[in-house]
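Pasted below: entry09.csv, CSV, C-alpha atoms.
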chain,number,residue,atom,x,y,z
A,12,MET,CA,26.6,18.8,-4.9
A,13,VAL,CA,25.7,15.2,-4.2
A,14,GLY,CA,22.6,13.5,-2.9
A,15,LYS,CA,18.8,14.1,-2.9
A,16,VAL,CA,17.3,17.4,-3.8
A,17,SER,CA,16.1,19.4,-0.7
A,18,ALA,CA,12.5,19.5,0.3
A,19,THR,CA,12.5,23.2,-0.4
A,20,ASP,CA,13.8,22.9,-3.9
A,21,LEU,CA,11.3,20.1,-4.6
A,22,GLU,CA,8.4,22.2,-3.5
A,23,ARG,CA,9.7,25.2,-5.5
A,24,LEU,CA,10.9,23.6,-8.7
A,25,VAL,CA,9.2,20.2,-9.0
A,26,PHE,CA,5.9,19.8,-7.2
A,27,THR,CA,4.5,23.0,-8.8
A,28,ARG,CA,5.2,21.7,-12.3
A,29,LEU,CA,3.2,18.6,-12.8
A,30,GLY,CA,1.1,19.2,-15.9
A,31,SER,CA,-2.6,18.5,-16.1
A,32,ALA,CA,-4.4,17.2,-13.0
A,33,ASP,CA,-5.8,13.6,-13.4
A,34,PRO,CA,-8.5,12.5,-10.9
A,35,ALA,CA,-7.2,8.9,-11.2
A,36,VAL,CA,-4.1,9.9,-9.3
A,37,ILE,CA,-4.5,8.9,-5.7
A,38,GLN,CA,-1.0,9.8,-4.6
A,39,GLY,CA,1.2,12.1,-6.6
A,40,PRO,CA,4.7,13.6,-5.9
A,41,GLU,CA,5.3,14.7,-2.3
A,42,TYR,CA,8.4,14.9,-0.1
A,43,GLY,CA,9.2,11.5,1.3
A,44,GLU,CA,6.8,9.6,-0.9
A,45,ASP,CA,8.7,7.1,-3.1
A,46,THR,CA,5.7,5.9,-5.2
A,47,ALA,CA,2.7,7.2,-7.0
A,48,ALA,CA,-0.7,5.5,-6.7
A,49,ILE,CA,-3.1,5.5,-9.7
A,50,GLN,CA,-6.6,4.1,-9.8
A,51,VAL,CA,-7.2,2.0,-12.9
A,52,GLY,CA,-10.5,0.3,-12.9
A,53,GLU,CA,-10.8,-1.9,-9.8
A,54,GLU,CA,-7.0,-1.9,-9.2
A,55,THR,CA,-4.6,0.6,-7.8
A,56,LEU,CA,-1.3,0.8,-9.7
A,57,VAL,CA,1.8,1.6,-7.6
A,58,VAL,CA,4.7,3.2,-9.6
A,59,ASN,CA,8.2,3.9,-8.5
A,60,SER,CA,11.4,5.1,-10.2
A,61,ASP,CA,14.9,5.0,-8.6
A,62,PRO,CA,18.4,5.5,-10.0
A,63,ILE,CA,21.6,3.7,-9.1
A,64,SER,CA,24.4,6.1,-9.9
A,65,LEU,CA,27.3,5.4,-7.6
A,66,ALA,CA,27.5,1.8,-6.7
A,67,VAL,CA,29.3,-0.2,-9.3
A,68,ASP,CA,29.7,-3.9,-8.5
A,69,ARG,CA,26.1,-5.1,-8.2
A,70,VAL,CA,24.2,-2.2,-9.9
A,71,GLY,CA,21.7,-4.5,-11.7
A,72,THR,CA,20.8,-6.4,-8.5
A,73,LEU,CA,20.4,-3.1,-6.5
A,74,GLY,CA,18.4,-1.5,-9.3
A,75,VAL,CA,15.8,-4.3,-9.3
A,76,MET,CA,15.7,-4.8,-5.5
A,77,VAL,CA,15.4,-1.1,-4.6
A,78,ALA,CA,12.7,-0.3,-7.1
A,79,CYS,CA,10.6,-3.4,-6.1
A,80,ASN,CA,11.2,-2.5,-2.4
A,81,ASP,CA,9.6,0.9,-2.8
A,82,VAL,CA,6.5,-0.6,-4.4
A,83,ALA,CA,6.2,-3.2,-1.7
A,84,ALA,CA,6.7,-0.6,1.0
A,85,SER,CA,3.6,1.1,-0.3
A,86,GLY,CA,1.6,-2.0,0.1
A,87,GLY,CA,2.0,-3.1,-3.6
A,88,THR,CA,3.0,-6.3,-5.3
A,89,PRO,CA,5.8,-5.6,-7.8
A,90,ARG,CA,5.0,-7.0,-11.3
A,91,TRP,CA,6.7,-5.1,-14.1
A,92,LEU,CA,10.0,-3.3,-14.6
A,93,THR,CA,11.4,-0.8,-17.2
A,94,ASN,CA,15.0,0.5,-17.0
A,95,VAL,CA,17.2,3.1,-18.6
A,96,CYS,CA,20.9,2.1,-18.6
A,97,ILE,CA,23.6,4.6,-19.6
A,98,LEU,CA,27.1,3.2,-19.9
A,99,PRO,CA,30.7,4.4,-20.2
A,100,GLU,CA,32.0,4.2,-23.8
A,101,ASP,CA,33.7,0.8,-23.3
A,102,GLY,CA,30.6,-0.5,-21.5
A,103,GLU,CA,29.6,-3.6,-23.5
A,104,ARG,CA,31.0,-6.0,-20.9
A,105,THR,CA,29.4,-3.8,-18.2
A,106,LEU,CA,26.0,-4.0,-20.0
A,107,ASP,CA,26.4,-7.8,-20.2
A,108,ARG,CA,27.0,-7.9,-16.4
A,109,ILE,CA,24.2,-5.5,-15.5
A,110,THR,CA,21.6,-7.2,-17.7
A,111,HIS,CA,22.6,-10.6,-16.3
A,112,GLN,CA,22.1,-9.2,-12.7
A,113,ILE,CA,18.8,-7.7,-13.6
A,114,ASP,CA,17.5,-10.9,-15.1
A,115,GLU,CA,18.7,-12.9,-12.1
A,116,ALA,CA,17.1,-10.5,-9.5
A,117,ALA,CA,13.9,-10.1,-11.5
A,118,THR,CA,13.5,-13.9,-11.8
A,119,GLU,CA,14.1,-14.3,-8.0
A,120,LEU,CA,11.3,-11.7,-7.2
A,121,GLY,CA,8.9,-12.9,-9.9
A,122,VAL,CA,8.8,-9.7,-11.9
A,123,GLN,CA,9.2,-9.1,-15.6
A,124,VAL,CA,11.2,-6.5,-17.5
A,125,VAL,CA,8.8,-5.0,-20.1
A,126,GLY,CA,10.9,-2.2,-21.7
A,127,GLY,CA,13.7,0.3,-21.3
A,128,HIS,CA,16.6,2.0,-23.1
A,129,ALA,CA,20.4,1.6,-23.2
A,130,GLU,CA,23.1,3.9,-24.6
A,131,TYR,CA,26.7,4.8,-24.2
A,132,SER,CA,28.0,8.1,-23.0
A,133,ALA,CA,31.6,9.5,-23.0
A,134,GLU,CA,30.7,11.6,-20.0
A,135,LEU,CA,30.3,8.7,-17.6
A,136,SER,CA,33.0,6.9,-15.7
A,137,ARG,CA,30.6,4.4,-14.1
A,138,PRO,CA,27.2,3.1,-15.2
A,139,LEU,CA,23.9,4.8,-14.4
A,140,LEU,CA,20.8,2.7,-14.1
A,141,SER,CA,17.3,4.1,-13.5
A,142,MET,CA,14.7,1.4,-12.8
A,143,THR,CA,10.9,1.9,-12.8
A,144,CYS,CA,8.8,-0.7,-11.0
A,145,ILE,CA,5.0,-1.0,-11.4
A,146,GLY,CA,2.8,-3.1,-9.1
A,147,THR,CA,-0.8,-3.4,-7.9
A,148,THR,CA,-2.4,-3.2,-4.5
A,149,ASP,CA,-5.8,-3.1,-2.8
A,150,ARG,CA,-4.4,-1.1,0.1
A,151,TYR,CA,-2.0,1.7,-0.6
A,152,VAL,CA,0.2,2.6,2.4
A,153,PRO,CA,1.8,6.1,2.2
A,154,THR,CA,4.9,7.4,3.8
A,155,SER,CA,2.8,10.2,5.3
A,156,GLY,CA,0.4,8.2,7.4
A,157,ALA,CA,2.2,8.1,10.7
A,158,ALA,CA,0.0,9.3,13.6
A,159,PRO,CA,0.7,10.3,17.2
A,160,GLY,CA,0.6,7.2,19.5
A,161,ASP,CA,1.9,4.9,16.8
A,162,LEU,CA,5.0,2.7,17.4
A,163,ILE,CA,8.0,2.8,15.1
A,164,LEU,CA,9.0,-0.6,13.9
A,165,LEU,CA,12.1,-1.6,12.0
A,166,THR,CA,12.4,-5.0,10.3
A,167,GLY,CA,15.9,-6.3,9.7
A,168,GLU,CA,18.9,-4.1,10.6
A,169,ALA,CA,20.4,-0.8,9.7
A,170,GLY,CA,22.8,-0.4,6.8
A,171,ILE,CA,22.4,-3.8,5.1
A,172,GLU,CA,22.8,-2.4,1.6
A,173,GLY,CA,25.6,0.0,2.6
A,174,THR,CA,27.5,-2.8,4.2
A,175,ALA,CA,27.3,-4.9,1.0
A,176,ILE,CA,28.4,-1.9,-1.0
A,177,LEU,CA,31.4,-1.2,1.3
A,178,ALA,CA,32.5,-4.8,1.0
A,179,SER,CA,32.4,-4.8,-2.8
A,180,ASP,CA,33.1,-1.3,-4.0
A,181,PHE,CA,35.7,-0.6,-1.3
A,182,HIS,CA,37.2,-4.1,-1.0
A,183,GLU,CA,40.8,-2.8,-1.7
A,184,GLU,CA,40.6,-0.2,1.0
A,185,LEU,CA,39.3,-2.7,3.5
A,186,ASP,CA,41.6,-5.5,2.6
A,187,GLY,CA,44.1,-5.8,5.5
A,188,GLN,CA,41.9,-3.9,7.9
A,189,VAL,CA,39.1,-6.4,8.0
A,190,GLU,CA,39.2,-10.2,7.9
A,191,GLU,CA,38.3,-11.7,4.6
A,192,ARG,CA,35.6,-13.8,6.3
A,193,VAL,CA,33.9,-10.6,7.4
A,194,LEU,CA,34.2,-9.1,4.0
A,195,SER,CA,32.7,-12.2,2.4
A,196,ASN,CA,29.8,-12.2,4.9
A,197,ALA,CA,29.2,-8.6,4.2
A,198,THR,CA,29.2,-9.1,0.4
A,199,ASP,CA,26.6,-11.9,0.9
A,200,LEU,CA,24.2,-9.2,2.3
A,201,PHE,CA,23.3,-8.3,-1.3
A,202,GLU,CA,21.0,-11.4,-1.0
A,203,LYS,CA,19.3,-9.7,2.0
A,204,ILE,CA,18.1,-6.5,0.4
A,205,SER,CA,14.6,-7.5,-0.6
A,206,ILE,CA,11.9,-6.4,1.9
A,207,LEU,CA,8.9,-7.8,-0.1
A,208,ASP,CA,8.1,-10.4,2.6
A,209,ALA,CA,8.2,-7.9,5.5
A,210,ALA,CA,6.1,-5.4,3.6
A,211,SER,CA,3.5,-8.0,2.7
A,212,VAL,CA,3.1,-8.9,6.3
A,213,LEU,CA,2.9,-5.3,7.6
A,214,THR,CA,0.6,-3.9,4.9
A,215,SER,CA,-2.5,-4.8,6.8
A,216,HIS,CA,-1.2,-3.4,10.1
A,217,ALA,CA,0.8,-0.2,9.2
A,218,THR,CA,-0.3,3.4,9.1
A,219,ALA,CA,2.9,4.3,7.1
A,220,MET,CA,5.8,2.4,5.6
A,221,HIS,CA,9.1,3.4,4.1
A,222,ASP,CA,12.1,1.7,2.5
A,223,PRO,CA,15.3,3.5,3.7
A,224,THR,CA,17.7,3.8,0.9
A,225,GLU,CA,20.3,6.6,0.6
A,226,GLY,CA,21.0,8.3,3.9
A,227,GLY,CA,20.1,5.1,5.6
A,228,VAL,CA,17.7,4.5,8.5
A,229,LEU,CA,18.1,8.1,9.7
A,230,ALA,CA,17.1,9.5,6.3
A,231,GLY,CA,14.1,7.1,6.2
A,232,LEU,CA,13.0,8.2,9.7
A,233,VAL,CA,13.2,11.9,8.8
A,234,GLU,CA,11.3,11.4,5.6
A,235,LEU,CA,8.5,9.5,7.5
A,236,ALA,CA,8.3,12.1,10.2
A,237,VAL,CA,8.4,15.2,8.1
A,238,SER,CA,6.0,13.9,5.5
A,239,SER,CA,3.6,12.9,8.3
A,240,SER,CA,4.1,16.2,10.2
A,241,VAL,CA,4.8,14.3,13.5
A,242,GLU,CA,7.7,13.8,15.9
A,243,PHE,CA,9.6,10.5,16.1
A,244,ALA,CA,11.3,9.8,19.4
A,245,VAL,CA,13.9,7.1,18.7
A,246,GLU,CA,16.8,5.7,20.7
A,247,ARG,CA,20.0,5.0,18.7
A,248,GLY,CA,20.7,2.0,21.0
A,249,ALA,CA,17.4,0.4,20.0
A,250,ILE,CA,18.3,0.2,16.3
A,251,PRO,CA,19.8,-3.2,15.5
A,252,VAL,CA,23.1,-3.2,13.6
A,253,ARG,CA,24.8,-6.4,12.3
A,254,PRO,CA,28.4,-7.2,13.5
A,255,GLU,CA,29.7,-7.0,9.9
A,256,THR,CA,28.2,-3.5,9.6
A,257,LYS,CA,29.7,-2.3,12.8
A,258,THR,CA,33.2,-3.6,11.7
A,259,LEU,CA,33.2,-2.2,8.2
A,260,CYS,CA,31.7,1.2,9.3
A,261,ALA,CA,34.3,1.5,12.0
A,262,ALA,CA,37.1,0.8,9.5
A,263,MET,CA,35.8,3.3,7.0
A,264,GLU,CA,34.7,5.9,9.6
A,265,VAL,CA,31.0,6.1,8.6
A,266,ASP,CA,27.8,5.9,10.6
A,267,PRO,CA,25.8,2.6,10.2
A,268,LEU,CA,22.6,4.7,10.5
A,269,ARG,CA,23.7,7.0,7.7
A,270,ILE,CA,24.6,4.5,4.9
A,271,PHE,CA,22.3,3.0,2.3
A,272,GLY,CA,19.6,1.1,4.2
A,273,SER,CA,17.8,-1.2,1.8
A,274,GLY,CA,17.1,-4.5,3.4
A,275,ALA,CA,15.3,-2.9,6.3
A,276,LEU,CA,11.7,-1.7,6.4
A,277,LEU,CA,10.4,1.2,8.5
A,278,ALA,CA,6.8,1.1,9.5
A,279,THR,CA,4.5,2.8,12.0
A,280,ILE,CA,1.8,0.8,13.6
A,281,PRO,CA,-1.0,1.6,16.2
A,282,GLU,CA,-0.2,0.4,19.7
A,283,ALA,CA,-3.2,-2.0,19.4
A,284,GLU,CA,-1.5,-3.7,16.4
A,285,ARG,CA,1.8,-4.4,18.2
A,286,GLU,CA,1.3,-8.0,19.2
A,287,ALA,CA,-0.4,-9.1,16.0
A,288,ALA,CA,2.2,-7.4,13.8
A,289,LEU,CA,5.2,-8.7,15.7
A,290,ALA,CA,3.7,-12.2,15.8
A,291,ALA,CA,3.0,-12.2,12.1
A,292,LEU,CA,6.6,-11.2,11.3
A,293,ALA,CA,8.0,-13.8,13.7
A,294,ASP,CA,5.8,-16.5,12.1
A,295,ASN,CA,7.5,-15.6,8.8
A,296,GLY,CA,11.0,-15.6,10.2
A,297,ILE,CA,11.4,-11.8,9.9
A,298,PRO,CA,13.3,-10.1,12.7
A,299,ALA,CA,11.7,-6.8,13.9
A,300,THR,CA,12.3,-4.3,16.6
A,301,VAL,CA,10.3,-1.5,18.1
A,302,ILE,CA,12.7,1.5,18.0
A,303,GLY,CA,10.6,4.4,19.1
A,304,ARG,CA,7.2,6.2,19.3
A,305,VAL,CA,5.3,8.8,17.3
A,306,ASN,CA,4.4,12.0,19.1
A,307,ALA,CA,2.5,15.1,18.0
A,308,ALA,CA,5.0,17.6,16.6
A,309,PRO,CA,5.2,21.3,17.8
A,310,ASP,CA,3.7,23.5,15.1
A,311,ASP,CA,3.2,20.4,12.9
A,312,ASP,CA,6.8,20.5,11.9
A,313,GLY,CA,7.9,16.9,11.5
A,314,ARG,CA,11.2,15.9,13.1
A,315,VAL,CA,13.2,13.0,14.5
A,316,LEU,CA,14.5,13.1,18.1
A,317,LEU,CA,17.5,10.7,18.1
A,318,ASP,CA,18.6,10.6,21.7
A,319,GLU,CA,19.8,14.3,22.2
A,320,GLU,CA,20.0,15.0,18.4
A,321,THR,CA,17.1,16.7,16.5
A,322,LEU,CA,16.8,15.9,12.7
A,323,ALA,CA,14.4,17.7,10.4
A,324,SER,CA,16.4,18.0,7.1
A,325,PRO,CA,17.5,15.4,4.5
A,326,VAL,CA,20.3,13.2,5.7
A,327,GLU,CA,23.3,12.9,3.4
A,328,ASP,CA,24.7,9.4,3.0
A,329,ASP,CA,28.1,8.9,4.5
A,330,LEU,CA,29.2,6.8,1.5
A,331,TYR,CA,29.2,9.9,-0.8
A,332,ASP,CA,32.4,11.2,0.6
A,333,LEU,CA,34.1,7.8,0.1
A,334,TRP,CA,33.1,7.7,-3.6
A,335,GLU,CA,34.3,11.3,-4.1
Kindly transcribe the structure held in the file into structure tokens.
Amino acid sequence: MVGKVSATDLERLVFTRLGSADPAVIQGPEYGEDTAAIQVGEETLVVNSDPISLAVDRVGTLGVMVACNDVAASGGTPRWLTNVCILPEDGERTLDRITHQIDEAATELGVQVVGGHAEYSAELSRPLLSMTCIGTTDRYVPTSGAAPGDLILLTGEAGIEGTAILASDFHEELDGQVEERVLSNATDLFEKISILDAASVLTSHATAMHDPTEGGVLAGLVELAVSSSVEFAVERGAIPVRPETKTLCAAMEVDPLRIFGSGALLATIPEAEREAALAALADNGIPATVIGRVNAAPDDDGRVLLDEETLASPVEDDLYDLWE
């Protein structure tokens, strides 16, 4: 069994076991919500935890970027990080590489590592990194805020993170199938994973935002729609995909919309905010595309209509089969 726990199991085994209620908690655990929001004095803390368990080559970079992205996608400014790093027995060199990557990425984003834990485990063949990011905001934006009549906006392109992972972790398999220039360009996409600028621009316009990670853009759309109890009508052809992504996905026989999607930001915005939001993104050099519309859902059961396909369950990432 690989991938995210189902919504049913989360409801049954996780969300009913949360300890004592605290009135300071604005947003607690719910399906599709990547962060918690906690009122502390005049500020709202935004907290996220995310693991990197399969990608190997740039695990430290991904750990920092993904955790910070989730805080930013909730309207927060990432400020502090803690991490738990569990390594294979011979992992001293791996720890050196990972901590160097964490330091580099955290410095780039202006956040500080304030704690964590590291240990070795004979049970692991690849490192496991779990990163927690804490930030602050004066306007928390949930995943569950999409409303009928909203437009669905995507900044960036689908599968940016997955493309970089394919080019690095599966370089040997792709060597000979894909030009080295394309592989090099794809690897460079690790530098395009942060969505902090896009989230900062959209926070004042959006009703909901979400950072698509595992399962890609499709998983992100499903999580937004289901958590908001609405229907998303989306055209596959409207979703932008980079040439490198198309080439690598074709070579490895995976769907660009179903591979790790960090580097893109999904947001829903009222129709009245369309021009202002797109203009603000353009002013900051951030590409954005309207990819669909939010409708009322029959019986309030959230779902995504992708052309002729209906999606209402968690989407498994196509890269899992490659790692296995």
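Shortest separation to A:Asp208 among A:Cys96, A:Leu276, A:Ala116, A:Leu185 occurs at residue A:Leu276, atoms counted being only C-alpha atoms.
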Legend entry - Contacts of A:Leu165 within 8 Å, all atoms listed in the file, excl. fewer than 4 positions in-chain, as a PyMOL selection string: chain A and resi 250+275-278+299-302
Output C-alpha atoms for every residue in that selection, as a PDB file, in the coordinates of the input.
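What follows is the written file part_17.pdb:
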ATOM      1  CA  ILE A 250      18.300   0.200  16.300  1.00  0.00           C
ATOM      2  CA  ALA A 275      15.300  -2.900   6.300  1.00  0.00           C
ATOM      3  CA  LEU A 276      11.700  -1.700   6.400  1.00  0.00           C
ATOM      4  CA  LEU A 277      10.400   1.200   8.500  1.00  0.00           C
ATOM      5  CA  ALA A 278       6.800   1.100   9.500  1.00  0.00           C
ATOM      6  CA  ALA A 299      11.700  -6.800  13.900  1.00  0.00           C
ATOM      7  CA  THR A 300      12.300  -4.300  16.600  1.00  0.00           C
ATOM      8  CA  VAL A 301      10.300  -1.500  18.100  1.00  0.00           C
ATOM      9  CA  ILE A 302      12.700   1.500  18.000  1.00  0.00           C
TER      10      ILE A 302
END
Give me the residues of stretch 48-137 of chain A that have any atom at most 12 Å from an atom of stretch 176-182 of chain A; for each, the nearest atom pair and the distance in Å, rounded to one decimal. Use only C-alpha atoms, sort by chain and number, and format it as CSV.
residue,atom,partner,partner_atom,distance
A:Ile63,CA,A:Ile176,CA,12.0
A:Leu65,CA,A:Asp180,CA,9.6
A:Ala66,CA,A:Ile176,CA,6.9
A:Val67,CA,A:Asp180,CA,6.6
A:Asp68,CA,A:Asp180,CA,6.2
A:Arg69,CA,A:Ile176,CA,8.2
A:Val70,CA,A:Ile176,CA,9.8
A:Thr72,CA,A:Ile176,CA,11.6
A:Leu73,CA,A:Ile176,CA,9.8
A:Arg137,CA,A:Asp180,CA,11.9
Take the residues that were just selected and, keeping C-alpha atoms, output them as a PDB file, in the frame of the given file.
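Heads up, here's the output in result_15.pdb:
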ATOM      1  CA  ILE A  63      21.600   3.700  -9.100  1.00  0.00           C
ATOM      2  CA  LEU A  65      27.300   5.400  -7.600  1.00  0.00           C
ATOM      3  CA  ALA A  66      27.500   1.800  -6.700  1.00  0.00           C
ATOM      4  CA  VAL A  67      29.300  -0.200  -9.300  1.00  0.00           C
ATOM      5  CA  ASP A  68      29.700  -3.900  -8.500  1.00  0.00           C
ATOM      6  CA  ARG A  69      26.100  -5.100  -8.200  1.00  0.00           C
ATOM      7  CA  VAL A  70      24.200  -2.200  -9.900  1.00  0.00           C
ATOM      8  CA  THR A  72      20.800  -6.400  -8.500  1.00  0.00           C
ATOM      9  CA  LEU A  73      20.400  -3.100  -6.500  1.00  0.00           C
ATOM     10  CA  ARG A 137      30.600   4.400 -14.100  1.00  0.00           C
TER      11      ARG A 137
END
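The space separating atom CA of A:Leu235 from atom CA of A:Ala290 comes to 23.7 Å.
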Inset, instruction - Can you pull out every residue within 8 Å of stretch 272-274 of chain A, counting only C-alpha atoms, but drop anything in the same chain fewer than 4 positions away, and send it as a list in words? - result: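 The residues that qualify are Val77, Asn80, Gly167, Glu168, Ala169, Gly170, Ile171, Glu172, Gly173, Lys203, Ile204, Ser205, Ile206, Asp222, Pro223, Thr224, Glu225, Gly226, Gly227, Val228 and Leu268 of chain A.
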